[in-house]
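Here is the structure we will look at.
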Amino acid sequence: MEYQKLENGEKQDKLKFLIKESPKTYVIDASVCIKWFSFENEDDVNIASSLRVQHMNRNIFLVAPDILVYEVTNALAYNPLFNKDKVNMAILSLYEMDIKLVEPYIGILFESSKLHFSKNITIYDSIYIALAKYINAQYITADKKLFEKVKDLGNIILLENYNIV
């Protein structure tokens with residue numbers, strides 16, 4: 001886990017410090033990011049694009065577990081409208097957005113495992129929810145089936161219901 005030393009010599013979790021000092025923070029998943037690159041047959045592209053613009057303008061702060069990069073890359077690689085060059089351009093664009101990508105933390109993984117068993121969802125999905133809980137942020141997904149399974153947790157927003165600021 002990343003820590004920074006405080007003036008009094010104590011350590012503070014860098015991720016939680018970063019979030020506390022930032023504007024409104026959201027955890028986003030691959031179902032949202034894919035809409036930034038693959039517009040065809042996608043709903044709510046304008047809402048997803050608004051999230052991106054708000055983040056780029058520093059009005060909001062987007063965070064995701066590092067698995068986001070793998071999931072987006074995989075989804076685009078299997079999209080028949082994308083070739084190697086388009087996938088690579090999307091990867092570069094994703095990194096240039098400066099989304100805070102979070103490496104695995106044991107506490108987040110434990111919470112993810114708990115969510116997997118209690119909600120019958122994949123670890124891949126539960127890791128986003130666990131991260132949002134860990135940093136006390138809201139989680140935004142475009143995955144309606146997932147949303148239906150976990151909406152009772154309270155910190156989850158279905159992309160189509162996100163209010164553009």
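Ordering of the structure tokens sets the chain letters (A, B, ...); residue numbers start at 1 within each chain; ligands are numbered from 1 in the order shown.
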
Would you list the contacts of Leu62 (chain A) as a ChimeraX atom specification, taking every protein, DNA or RNA residue within 7 Å and counting only C-alpha atoms, but skipping same-chain residues closer than 3 positions in sequence? /A:25-28,55,99-100

Selected residues written out, C-alpha atoms, as an mmCIF file, in the first residue's frame:
data_model
loop_
_atom_site.group_PDB
_atom_site.id
_atom_site.type_symbol
_atom_site.label_atom_id
_atom_site.label_comp_id
_atom_site.auth_asym_id
_atom_site.auth_seq_id
_atom_site.Cartn_x
_atom_site.Cartn_y
_atom_site.Cartn_z
ATOM 1 C CA THR A 25 -14.906 11.230 -6.822
ATOM 2 C CA TYR A 26 -16.431 8.345 -8.769
ATOM 3 C CA VAL A 27 -15.269 4.816 -9.415
ATOM 4 C CA ILE A 28 -16.046 3.834 -12.996
ATOM 5 C CA HIS A 55 -12.806 14.545 -15.305
ATOM 6 C CA ILE A 99 -7.664 8.244 -14.338
ATOM 7 C CA LYS A 100 -6.308 7.133 -10.971
#

At a cut-off of 12 Å, using only C-alpha atoms, what residues contact region 127-131 of chain A? Leave out same-chain residues fewer than 5 positions from it and give the result as number ranges by chain. A: 15-16, 19, 25-31, 62-68, 100-116, 119, 121-122, 136-141, 146-147, 149-151, 153-157

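Separating CA of Asn59 (chain A) from CA of Val45 (chain A) is a distance of 19.0 Å.
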
Could you go through chain A and tell me which residues DSSP, when run on the backbone, assigns to alpha helix (DSSP H), listing them as a PyMOL selection string? chain A and resi 14-20+30-37+45-56+67-77+84-96+106-119+123-135+144-150
